[in-house]
>>> print(open('entry16.cif').read())   # mmCIF, C-alpha atoms and all ligand atoms
data_entry
#
loop_
_atom_site.label_atom_id
_atom_site.label_comp_id
_atom_site.auth_asym_id
_atom_site.auth_seq_id
_atom_site.Cartn_x
_atom_site.Cartn_y
_atom_site.Cartn_z
CA MET A 1477 63.33 8.68 41.68
CA ALA A 1478 65.97 6.16 40.67
CA THR A 1479 66.25 3.02 42.76
CA PRO A 1480 69.73 2.69 44.21
CA LYS A 1481 71.58 -0.03 42.39
CA HIS A 1482 72.31 -2.23 45.38
CA HIS A 1483 68.57 -2.61 46.03
CA CYS A 1484 68.26 -4.45 42.73
CA THR A 1485 70.85 -7.01 43.58
CA PRO A 1486 68.91 -9.23 46.01
CA SER A 1487 65.96 -9.66 43.67
CA PHE A 1488 68.33 -10.25 40.79
CA ILE A 1489 70.00 -13.02 42.75
CA PHE A 1490 66.61 -14.44 43.66
CA LEU A 1491 65.67 -14.58 39.98
CA LEU A 1492 68.89 -16.44 39.24
CA PHE A 1493 67.90 -19.15 41.72
CA LEU A 1494 64.24 -19.33 40.73
CA PRO A 1495 64.78 -22.27 38.32
CA LEU A 1496 66.45 -24.15 41.17
CA LEU A 1497 63.34 -23.77 43.33
CA PHE A 1498 61.32 -25.43 40.62
CA HIS A 1499 63.97 -28.04 40.23
CA PHE A 1500 63.72 -29.07 43.89
CA ASN A 1501 60.03 -29.53 43.36
CA LEU A 1502 60.53 -32.05 40.53
CA GLY A 1503 59.41 -35.57 41.12
CA LYS A 1504 56.38 -34.71 43.21
CA GLY A 1505 52.77 -35.27 42.29
CA ASP A 1506 52.33 -31.47 42.50
CA ASP A 1507 54.03 -31.14 39.13
CA LEU A 1508 51.32 -33.10 37.41
CA GLN A 1509 48.33 -31.18 36.15
CA LEU A 1510 44.81 -31.75 34.95
CA ASN A 1511 44.64 -31.85 31.15
CA TYR A 1512 48.38 -31.65 30.69
CA TYR A 1513 47.94 -32.52 27.00
CA SER A 1514 45.23 -29.91 26.31
CA GLN A 1515 47.56 -27.99 23.96
CA SER A 1516 49.96 -30.67 22.72
CA CYS A 1517 47.44 -33.47 22.12
CA PRO A 1518 43.90 -32.37 22.96
CA ASN A 1519 42.35 -35.76 22.13
CA ALA A 1520 44.85 -37.85 24.09
CA GLU A 1521 42.56 -38.78 26.98
CA GLU A 1522 39.65 -39.46 24.64
CA ILE A 1523 41.72 -41.73 22.39
CA ILE A 1524 42.97 -43.71 25.37
CA LYS A 1525 39.45 -44.09 26.69
CA GLN A 1526 38.20 -45.29 23.29
CA GLU A 1527 40.95 -47.89 23.04
CA VAL A 1528 40.39 -49.09 26.61
CA THR A 1529 36.68 -49.44 25.83
CA LYS A 1530 37.27 -51.33 22.56
CA LEU A 1531 39.71 -53.68 24.28
CA TYR A 1532 37.32 -54.22 27.17
CA ASP A 1533 34.55 -55.16 24.72
CA LYS A 1534 36.82 -57.79 23.13
CA HIS A 1535 38.79 -58.99 26.17
CA GLY A 1536 37.10 -57.91 29.40
CA ASN A 1537 40.09 -58.83 31.52
CA THR A 1538 42.27 -56.14 29.91
CA ALA A 1539 40.53 -53.65 32.22
CA VAL A 1540 41.56 -55.80 35.17
CA SER A 1541 45.17 -55.79 33.96
CA TRP A 1542 45.30 -51.99 33.71
CA ILE A 1543 44.51 -51.76 37.43
CA ARG A 1544 47.24 -54.21 38.39
CA ASN A 1545 49.68 -52.41 36.06
CA LEU A 1546 49.12 -49.16 37.98
CA PHE A 1547 49.98 -50.86 41.27
CA HIS A 1548 53.08 -52.61 39.94
CA ASP A 1549 54.34 -49.54 38.09
CA CYS A 1550 53.69 -46.83 40.68
CA MET A 1551 54.63 -48.83 43.77
CA VAL A 1552 58.14 -49.55 42.50
CA LYS A 1553 59.98 -46.21 42.83
CA SER A 1554 57.77 -44.12 40.55
CA CYS A 1555 54.85 -44.04 38.09
CA ASP A 1556 57.28 -44.14 35.19
CA ALA A 1557 56.21 -47.08 32.99
CA SER A 1558 59.33 -48.95 34.14
CA VAL A 1559 57.19 -52.09 34.41
CA LEU A 1560 56.53 -52.05 30.66
CA LEU A 1561 60.15 -52.26 29.52
CA GLU A 1562 61.29 -55.52 27.94
CA THR A 1563 64.55 -57.20 28.90
CA VAL A 1564 67.39 -56.10 26.62
CA LYS A 1565 70.50 -58.18 27.20
CA GLY A 1566 73.24 -56.29 29.03
CA ARG A 1567 71.11 -53.17 29.27
CA ILE A 1568 67.70 -53.76 30.89
CA GLU A 1569 66.30 -56.44 33.14
CA SER A 1570 62.54 -56.21 33.00
CA GLU A 1571 60.41 -55.91 36.14
CA LYS A 1572 58.05 -58.30 34.39
CA GLU A 1573 60.55 -61.06 35.21
CA SER A 1574 60.32 -60.52 38.96
CA PRO A 1575 58.44 -63.31 40.80
CA ARG A 1576 56.07 -60.58 42.05
CA SER A 1577 54.90 -59.96 38.48
CA PHE A 1578 53.66 -63.54 38.21
CA GLY A 1579 50.33 -63.75 36.41
CA MET A 1580 50.45 -60.25 34.92
CA ARG A 1581 48.92 -60.31 31.44
CA ASN A 1582 47.69 -58.29 28.45
CA PHE A 1583 50.89 -56.27 28.09
CA LYS A 1584 50.65 -56.56 24.30
CA TYR A 1585 47.46 -54.50 24.35
CA VAL A 1586 49.29 -51.55 25.91
CA ASN A 1587 50.89 -51.24 22.47
CA THR A 1588 47.45 -51.07 20.90
CA ILE A 1589 46.66 -48.03 23.05
CA LYS A 1590 50.07 -46.42 22.53
CA ASP A 1591 49.93 -46.93 18.73
CA ALA A 1592 46.56 -45.17 18.54
CA VAL A 1593 47.94 -42.22 20.52
CA GLU A 1594 51.20 -42.09 18.52
CA LYS A 1595 49.24 -41.96 15.28
CA GLU A 1596 47.56 -38.73 16.38
CA CYS A 1597 50.43 -37.16 18.38
CA PRO A 1598 53.88 -38.66 17.79
CA LEU A 1599 56.27 -38.67 20.77
CA THR A 1600 53.97 -36.56 22.93
CA VAL A 1601 52.03 -38.74 25.37
CA SER A 1602 54.05 -40.81 27.86
CA CYS A 1603 53.63 -44.51 28.52
CA ALA A 1604 53.48 -43.61 32.22
CA ASP A 1605 50.36 -41.51 31.60
CA ILE A 1606 48.91 -44.37 29.55
CA VAL A 1607 49.43 -46.69 32.52
CA SER A 1608 47.60 -44.25 34.81
CA LEU A 1609 44.80 -43.24 32.44
CA SER A 1610 44.09 -46.80 31.26
CA ALA A 1611 43.76 -47.85 34.92
CA ARG A 1612 41.43 -44.91 35.52
CA ASP A 1613 39.28 -45.87 32.50
CA GLY A 1614 39.44 -49.59 33.32
CA ILE A 1615 38.14 -48.88 36.83
CA LEU A 1616 35.11 -47.15 35.33
CA MET A 1617 34.48 -49.99 32.84
CA LEU A 1618 34.42 -52.42 35.76
CA GLY A 1619 31.77 -50.43 37.60
CA GLY A 1620 34.19 -48.58 39.87
CA PRO A 1621 34.26 -44.84 40.58
CA ARG A 1622 34.87 -42.07 38.04
CA ILE A 1623 38.27 -40.52 38.80
CA GLU A 1624 39.67 -37.19 37.64
CA MET A 1625 43.39 -37.76 37.15
CA LYS A 1626 46.34 -35.46 36.51
CA THR A 1627 48.85 -36.10 33.72
CA GLY A 1628 52.38 -35.05 32.76
CA ARG A 1629 54.32 -38.13 33.92
CA ARG A 1630 57.42 -39.04 31.91
CA ASP A 1631 58.97 -42.42 31.15
CA SER A 1632 62.00 -43.99 32.83
CA ASP A 1633 65.01 -45.29 30.96
CA GLU A 1634 65.38 -48.14 33.46
CA SER A 1635 63.43 -51.12 34.70
CA TYR A 1636 64.00 -52.04 38.35
CA ALA A 1637 63.67 -55.83 38.37
CA THR A 1638 66.06 -56.41 41.26
CA VAL A 1639 64.17 -54.21 43.75
CA VAL A 1640 60.55 -55.11 42.93
CA GLU A 1641 60.38 -57.39 45.97
CA ASP A 1642 61.38 -54.48 48.25
CA TYR A 1643 58.22 -52.61 47.23
CA ILE A 1644 55.53 -55.13 46.24
CA PRO A 1645 54.51 -57.47 49.09
CA ASP A 1646 54.10 -61.23 48.66
CA HIS A 1647 50.70 -62.98 48.80
CA ASN A 1648 51.40 -64.18 52.36
CA ASP A 1649 53.26 -61.23 53.88
CA SER A 1650 52.16 -59.86 57.26
CA ILE A 1651 49.67 -57.04 57.54
CA SER A 1652 52.26 -54.83 59.25
CA LEU A 1653 54.66 -55.24 56.32
CA VAL A 1654 51.86 -54.47 53.84
CA LEU A 1655 50.79 -51.35 55.75
CA SER A 1656 54.34 -50.06 56.03
CA ARG A 1657 54.98 -50.50 52.29
CA PHE A 1658 51.94 -48.38 51.46
CA GLN A 1659 52.67 -45.89 54.22
CA SER A 1660 56.11 -45.30 52.73
CA ILE A 1661 54.43 -43.87 49.63
CA GLY A 1662 51.98 -41.79 51.66
CA ILE A 1663 48.97 -44.11 51.67
CA ASP A 1664 47.30 -44.48 55.07
CA VAL A 1665 45.61 -47.55 56.59
CA GLU A 1666 42.17 -46.74 55.18
CA GLY A 1667 43.63 -46.09 51.72
CA THR A 1668 45.50 -49.39 51.83
CA VAL A 1669 42.39 -51.33 52.80
CA ALA A 1670 40.53 -49.60 49.95
CA LEU A 1671 43.24 -50.38 47.38
CA LEU A 1672 43.17 -54.07 48.24
CA GLY A 1673 39.55 -53.87 47.07
CA ALA A 1674 41.04 -54.15 43.57
CA HIS A 1675 41.07 -57.85 44.43
CA SER A 1676 37.34 -57.69 43.86
CA VAL A 1677 38.20 -58.43 40.23
CA GLY A 1678 40.52 -60.82 38.40
CA ARG A 1679 42.11 -64.16 39.07
CA VAL A 1680 44.61 -65.96 41.27
CA HIS A 1681 46.71 -68.98 40.27
CA CYS A 1682 46.66 -72.00 42.57
CA ILE A 1683 50.34 -71.61 43.32
CA ASN A 1684 49.44 -68.52 45.40
CA LEU A 1685 46.78 -70.38 47.38
CA VAL A 1686 47.86 -73.92 48.09
CA ASP A 1687 49.73 -72.99 51.27
CA ARG A 1688 46.30 -72.10 52.76
CA LEU A 1689 44.84 -75.49 51.77
CA TYR A 1690 47.60 -78.08 52.25
CA PRO A 1691 48.71 -79.90 54.31
CA THR A 1692 46.05 -78.44 56.62
CA VAL A 1693 43.37 -75.88 55.88
CA ASP A 1694 44.03 -72.36 57.20
CA PRO A 1695 41.65 -72.06 60.20
CA THR A 1696 40.66 -68.51 59.19
CA LEU A 1697 39.12 -69.92 56.00
CA ASP A 1698 35.41 -70.78 55.86
CA PRO A 1699 35.31 -74.63 55.61
CA ASN A 1700 32.83 -74.74 52.71
CA TYR A 1701 34.83 -72.16 50.82
CA ALA A 1702 38.00 -74.18 51.53
CA ASP A 1703 36.33 -77.23 49.96
CA TYR A 1704 35.44 -75.20 46.91
CA LEU A 1705 39.03 -73.94 46.63
CA LYS A 1706 40.39 -77.48 46.98
CA GLY A 1707 38.19 -78.46 44.07
CA ARG A 1708 39.75 -75.69 42.02
CA CYS A 1709 43.26 -76.49 43.22
CA PRO A 1710 43.27 -80.26 43.82
CA THR A 1711 47.01 -80.71 44.34
CA PRO A 1712 49.50 -79.15 46.78
CA ASN A 1713 52.08 -78.82 44.00
CA PRO A 1714 50.23 -77.25 41.10
CA ASP A 1715 51.66 -76.49 37.71
CA PRO A 1716 52.38 -72.75 38.17
CA MET A 1717 50.61 -71.77 34.98
CA GLY A 1718 47.91 -74.40 35.41
CA VAL A 1719 44.42 -74.15 36.87
CA PHE A 1720 43.20 -70.73 37.87
CA TYR A 1721 39.91 -69.13 38.71
CA ALA A 1722 38.26 -65.84 39.58
CA ARG A 1723 38.89 -64.04 42.83
CA ASN A 1724 37.41 -63.71 46.27
CA ASP A 1725 34.38 -62.56 44.59
CA ARG A 1726 32.66 -65.54 42.98
CA GLU A 1727 29.40 -63.59 42.72
CA THR A 1728 30.65 -60.53 40.79
CA PRO A 1729 34.18 -61.34 39.55
CA MET A 1730 34.19 -58.59 36.93
CA ILE A 1731 32.69 -55.80 39.03
CA LEU A 1732 34.78 -53.55 41.22
CA ASP A 1733 32.42 -53.48 44.18
CA ASN A 1734 32.40 -54.06 47.93
CA MET A 1735 31.56 -57.77 47.60
CA TYR A 1736 35.26 -58.29 48.32
CA TYR A 1737 34.78 -56.93 51.87
CA LYS A 1738 31.56 -58.86 52.44
CA ASN A 1739 33.45 -62.01 51.49
CA LEU A 1740 36.29 -61.12 53.86
CA LEU A 1741 33.79 -60.81 56.72
CA GLY A 1742 32.48 -64.25 55.69
CA HIS A 1743 36.03 -65.67 55.90
CA LYS A 1744 36.17 -66.07 52.15
CA GLY A 1745 39.32 -64.08 51.52
CA LEU A 1746 41.41 -65.62 48.77
CA LEU A 1747 44.98 -64.64 49.60
CA THR A 1748 46.48 -64.51 53.06
CA VAL A 1749 46.97 -60.74 52.68
CA ASP A 1750 43.26 -60.36 51.88
CA GLN A 1751 42.03 -62.35 54.87
CA GLN A 1752 44.38 -60.58 57.28
CA LEU A 1753 42.45 -57.34 56.79
CA VAL A 1754 39.76 -58.91 58.97
CA SER A 1755 41.93 -60.46 61.67
CA ASP A 1756 43.90 -57.27 62.31
CA PRO A 1757 42.17 -54.77 64.63
CA THR A 1758 43.62 -51.70 62.83
CA THR A 1759 42.18 -52.70 59.45
CA TYR A 1760 38.99 -54.47 60.55
CA PRO A 1761 36.85 -51.31 61.06
CA TYR A 1762 37.51 -50.19 57.48
CA VAL A 1763 36.54 -53.60 56.12
CA GLU A 1764 33.25 -53.30 58.01
CA ASN A 1765 32.57 -49.78 56.72
CA PHE A 1766 33.34 -50.66 53.11
CA ALA A 1767 31.24 -53.84 53.33
CA THR A 1768 28.19 -51.83 54.37
CA ASP A 1769 28.59 -48.88 51.99
CA ASN A 1770 29.70 -49.36 48.38
CA GLY A 1771 29.66 -45.60 47.71
CA TYR A 1772 31.98 -44.97 50.61
CA PHE A 1773 34.29 -47.74 49.40
CA HIS A 1774 34.35 -46.13 45.94
CA ASP A 1775 35.22 -42.71 47.42
CA GLN A 1776 38.13 -44.16 49.38
CA PHE A 1777 39.25 -46.32 46.47
CA ALA A 1778 39.33 -43.24 44.21
CA ARG A 1779 41.29 -41.24 46.78
CA ALA A 1780 43.88 -44.01 47.20
CA VAL A 1781 44.20 -44.64 43.44
CA LEU A 1782 45.05 -40.95 43.00
CA LEU A 1783 47.73 -41.13 45.69
CA LEU A 1784 49.18 -44.25 44.08
CA SER A 1785 49.10 -42.68 40.61
CA GLU A 1786 50.98 -39.61 41.83
CA ASN A 1787 53.82 -41.45 43.52
CA ASN A 1788 57.07 -39.74 42.69
CA PRO A 1789 56.55 -39.18 38.95
CA LEU A 1790 59.26 -38.08 36.55
CA THR A 1791 58.34 -34.63 35.23
CA GLY A 1792 59.85 -31.64 33.44
CA ASP A 1793 63.09 -32.66 31.74
CA GLN A 1794 63.44 -35.96 33.59
CA GLY A 1795 63.12 -39.20 31.63
CA GLU A 1796 61.65 -39.21 28.15
CA ILE A 1797 58.49 -39.83 26.14
CA ARG A 1798 58.96 -43.36 24.83
CA LYS A 1799 57.91 -44.07 21.27
CA ASP A 1800 57.35 -47.76 22.02
CA CYS A 1801 56.39 -48.55 25.61
CA ARG A 1802 58.53 -51.71 25.56
CA PHE A 1803 61.83 -49.98 24.77
CA VAL A 1804 63.71 -46.81 25.62
CA ASN A 1805 64.16 -44.49 22.64
CA SER A 1806 67.95 -44.61 22.35
CA ASN A 1807 69.57 -48.01 22.33
C1 LIG A 1901 49.63 -56.39 49.63
C2 LIG A 1901 49.41 -56.02 48.43
C3 LIG A 1901 49.13 -56.97 47.31
C4 LIG A 1901 49.51 -58.27 47.11
C5 LIG A 1901 50.39 -59.14 48.01
C6 LIG A 1901 48.93 -58.69 45.86
C7 LIG A 1901 49.10 -59.96 45.32
C8 LIG A 1901 48.45 -60.42 44.19
C9 LIG A 1901 48.51 -61.77 43.71
C10 LIG A 1901 49.35 -62.89 44.33
C11 LIG A 1901 47.72 -61.84 42.62
C12 LIG A 1901 47.43 -63.09 41.77
C13 LIG A 1901 48.45 -63.33 40.69
C14 LIG A 1901 48.16 -64.62 39.99
O1 LIG A 1901 48.19 -65.68 40.65
O2 LIG A 1901 47.88 -64.61 38.78
C15 LIG A 1901 47.15 -60.52 42.42
C16 LIG A 1901 46.26 -60.20 41.42
C17 LIG A 1901 45.77 -58.92 41.21
N1 LIG A 1901 46.08 -57.80 41.93
FE1 LIG A 1901 47.11 -57.75 43.65
N2 LIG A 1901 48.22 -57.67 45.33
C18 LIG A 1901 48.31 -56.60 46.18
C19 LIG A 1901 47.75 -55.36 46.00
C20 LIG A 1901 47.10 -54.95 44.87
C21 LIG A 1901 46.71 -53.59 44.59
C22 LIG A 1901 46.98 -52.39 45.49
C23 LIG A 1901 46.10 -53.61 43.38
C24 LIG A 1901 45.52 -52.47 42.59
C25 LIG A 1901 45.11 -51.34 43.09
C26 LIG A 1901 46.07 -55.00 42.93
C27 LIG A 1901 45.47 -55.44 41.78
C28 LIG A 1901 45.41 -56.75 41.39
C29 LIG A 1901 44.58 -57.21 40.29
C30 LIG A 1901 43.63 -56.36 39.44
C31 LIG A 1901 44.81 -58.59 40.18
C32 LIG A 1901 44.15 -59.55 39.15
C33 LIG A 1901 45.03 -59.66 37.94
C34 LIG A 1901 44.46 -60.53 36.83
O3 LIG A 1901 43.41 -61.16 37.00
O4 LIG A 1901 45.09 -60.57 35.77
N3 LIG A 1901 46.70 -55.77 43.85
N4 LIG A 1901 47.61 -59.68 43.39
C1 LIG A 1902 55.05 -67.40 51.29
O1 LIG A 1902 54.81 -68.30 50.24
C2 LIG A 1902 55.97 -68.66 49.50
C3 LIG A 1902 55.53 -69.56 48.36
O2 LIG A 1902 54.67 -68.86 47.49
C4 LIG A 1902 56.98 -69.33 50.43
O3 LIG A 1902 58.17 -69.61 49.72
C5 LIG A 1902 57.28 -68.39 51.60
O4 LIG A 1902 58.11 -69.03 52.52
C6 LIG A 1902 56.01 -67.95 52.30
N1 LIG A 1902 56.31 -66.90 53.28
C7 LIG A 1902 55.79 -66.87 54.49
C8 LIG A 1902 56.10 -65.64 55.31
O5 LIG A 1902 55.07 -67.75 54.92
#
>>> encode(input="entry16.cif", output="structure tokens", more="lines below")
Ligand code: HEM
Ligand SMILES: *[C@@H]1O[C@H](CO)[C@@H](O)[C@H](O)[C@H]1NC(C)=O
Amino acid sequence: MATPKHHCTPSFIFLLFLPLLFHFNLGKGDDLQLNYYSQSCPNAEEIIKQEVTKLYDKHGNTAVSWIRNLFHDCMVKSCDASVLLETVKGRIESEKESPRSFGMRNFKYVNTIKDAVEKECPLTVSCADIVSLSARDGILMLGGPRIEMKTGRRDSDESYATVVEDYIPDHNDSISLVLSRFQSIGIDVEGTVALLGAHSVGRVHCINLVDRLYPTVDPTLDPNYADYLKGRCPTPNPDPMGVFYARNDRETPMILDNMYYKNLLGHKGLLTVDQQLVSDPTTYPYVENFATDNGYFHDQFARAVLLLSENNPLTGDQGEIRKDCRFVNSN
């Protein structure tokens, strides 16, 4: 029996609009997939991991940088490698030049990773996925959790220097501002407290601390710890690039563990934003839980890193696959 013609029409129209449905879905983490490069570059994740490991063996703090890169890239609009672009006069103003990017380092070694990947698969693997996967691998190198991460992000053709401060909080911003920034990209209070645990590794420059030490010591700071910090930062007006030292975590500065939370409970938080996690009643219970259970901290850290890494990616035909992470392809 032949189907009357007019019955075909609705489904035909539906088919016409099908691509649009997919289009509306673009830009969500749902469009990323596990093993996105399994056909186009099967060794991509392995090559990245090898390079991250080699770099870590030579310069341990590269692993620390990959974690901060993920935050600064994904928090500002999208996980799109916009943070890696260099300033090109009249065309691009680099996010690296924002005051919030102060102290970021090891960018040149991103090229080492990208070059190794390009050699095997030219113009196939995005810089945005390198940002995410290198953070994932760096976390493991530093004793953090193993994280299964989706790929398929594409690279921006813009850097968003002028809006970085609207997304990345300052070292002394209020807890409510910090929580609302993370909430706006779908990360809840517990996830935010867990992500700040990244401050279990790395360094802070004195310029970000002296307002807690001079002219009077912040009363939420343990007095002995304050004396130690004053020894590290002896003047209220330090040379910005001058003296620096490891983080909260003097005991295990290169291990991504819950010592950060134990130190917070002991009033040895380094930045104002760190210490506030203890004084605020909405964040305090999570600090306590993470301080008593490193495995639970790692679970929550992994969950929040995934949310961060899936913030609003460019996918499909958006953006491009950069050849050199520092520059857009067409200039
Ligand atoms: C309220 C949110 C945050 C603020 C205000 C903040 C602020 C800072 C500041 C001021 C520094 C020190 C820069 C310097 O003096 O050299 C720093 C370092 C660092 N931050 Fe954050 N941060 C925040 C959240 C995060 C998150 C969510 C991550 C990652 C998941 C992260 C990872 C790092 C790392 C790894 C370092 C050490 C970098 C190094 O040693 O090279 N931060 N952060
Ligand atoms: C935070 O510290 C900066 C200096 O790093 C200072 O200019 C600013 O006024 C401080 N903000 C608050 C809210 O105290």
>>> residues_near_ligand(input="entry16.cif", ligand="ligand LIG 1902 (chain A)", cutoff="6 Å", atoms="only C-alpha atoms and all ligand atoms", output="PyMOL selection string")
chain A and resi 1648-1649+1684
>>> residues_near_ligand(input="entry16.cif", ligand="ligand LIG 1901 (chain A)", cutoff="6 Å", atoms="only C-alpha atoms and all ligand atoms", output="list in words")
Val1540, Ser1541, Ile1543, Arg1544, Phe1547, Phe1578, Gly1579, Met1580, Arg1581, Pro1645, Asp1646, His1647, Val1654, Leu1671, Leu1672, Ala1674, His1675, Val1677, Gly1678, Arg1679, Val1680, His1681, Asn1684 and Val1749 of chain A
>>> atom_distance(input="entry16.cif", atom1="CA of Leu1741 (chain A)", atom2="CA of Tyr1762 (chain A)")
11.3 Å
>>> residues_around(input="entry16.cif", residues="region 1651-1653 of chain A", least_positions_apart="3", cutoff="8 Å", atoms="only C-alpha atoms", output="list in words")
Pro1645, Ser1656, Arg1657, Val1749, Gln1752, Leu1753 and Asp1756 of chain A
>>> residues_near_point(input="entry16.cif", point="(32.8, -54.1, 51.2)", cutoff="8 Å", atoms="all atoms listed in the file", output="MDAnalysis selection string")
chainID A and resid 1673 1733:1739 1763:1770 1773
>>> write_last_selection(input="entry16.cif", atoms="C-alpha atoms", output="compact mmCIF listing (two decimals), in the frame of the given file")
# COMPACT_ATOMS: atom_id res chain seq x y z
CA GLY A 1673 39.55 -53.87 47.07
CA ASP A 1733 32.42 -53.48 44.18
CA ASN A 1734 32.40 -54.06 47.93
CA MET A 1735 31.56 -57.77 47.60
CA TYR A 1736 35.26 -58.29 48.32
CA TYR A 1737 34.78 -56.93 51.87
CA LYS A 1738 31.56 -58.86 52.44
CA ASN A 1739 33.45 -62.01 51.49
CA VAL A 1763 36.54 -53.60 56.12
CA GLU A 1764 33.25 -53.30 58.01
CA ASN A 1765 32.57 -49.78 56.72
CA PHE A 1766 33.34 -50.66 53.11
CA ALA A 1767 31.24 -53.84 53.33
CA THR A 1768 28.19 -51.83 54.37
CA ASP A 1769 28.59 -48.88 51.99
CA ASN A 1770 29.70 -49.36 48.38
CA PHE A 1773 34.29 -47.74 49.40
>>> closest_residue(input="entry16.cif", among="A:Ile1568, A:Leu1616, A:Val1665, A:Cys1682", to="Lys1706 (chain A)", atoms="all atoms listed in the file")
A:Cys1682
>>> closest_residue(input="entry16.cif", among="A:Arg1612, A:His1774, A:Lys1530, A:Lys1595", to="Lys1626 (chain A)", atoms="all atoms listed in the file")
A:Arg1612
>>> closest_residue(input="entry16.cif", among="A:Gly1619, A:Pro1695, A:Gly1628, A:Gly1566", to="Leu1510 (chain A)", atoms="only C-alpha atoms")
A:Gly1628
>>> atom_distance(input="entry16.cif", atom1="CA of Ser1602 (chain A)", atom2="CA of Phe1803 (chain A)")
12.4 Å
>>> axis_aligned_box(input="entry16.cif", around="region 1555-1566 of chain A", padding_each_side="8 Å", output="lines of an AutoDock Vina configuration file")
center_x = 64.0
center_y = -51.1
center_z = 32.4
size_x = 34.4
size_y = 30.1
size_z = 27.5
>>> closest_residue(input="entry16.cif", among="A:Asp1591, A:Val1607, A:Ser1650, A:Pro1621", to="Leu1560 (chain A)", atoms="all atoms listed in the file")
A:Val1607
>>> residues_around(input="entry16.cif", residues="region 1779-1787 of chain A", least_positions_apart="2", cutoff="10 Å", atoms="all atoms listed in the file", output="JSON, numbers by chain")
{"A": [1503, 1504, 1505, 1506, 1507, 1508, 1543, 1546, 1547, 1549, 1550, 1551, 1552, 1553, 1554, 1555, 1556, 1604, 1605, 1607, 1608, 1609, 1611, 1612, 1615, 1623, 1624, 1625, 1626, 1627, 1629, 1658, 1661, 1662, 1663, 1664, 1666, 1667, 1668, 1669, 1670, 1671, 1773, 1774, 1775, 1776, 1777, 1789, 1790]}
>>> closest_residue(input="entry16.cif", among="A:Ser1514, A:Ser1632, A:Asn1582, A:Gln1526", to="Asn1805 (chain A)", atoms="only C-alpha atoms")
A:Ser1632
>>> atom_distance(input="entry16.cif", atom1="CA of Glu1596 (chain A)", atom2="CA of Cys1517 (chain A)")
7.8 Å
>>> closest_residue(input="entry16.cif", among="A:Arg1567, A:Lys1799, A:Lys1584, A:His1743", to="Ser1635 (chain A)", atoms="only C-alpha atoms")
A:Arg1567
>>> residues_near_point(input="entry16.cif", point="(41.7, -43.3, 27.1)", cutoff="8 Å", atoms="all atoms listed in the file", output="list in words")
Ala1520, Glu1521, Glu1522, Ile1523, Ile1524, Lys1525, Gln1526, Glu1527, Val1528, Ile1589, Ile1606, Leu1609, Ser1610 and Asp1613 of chain A
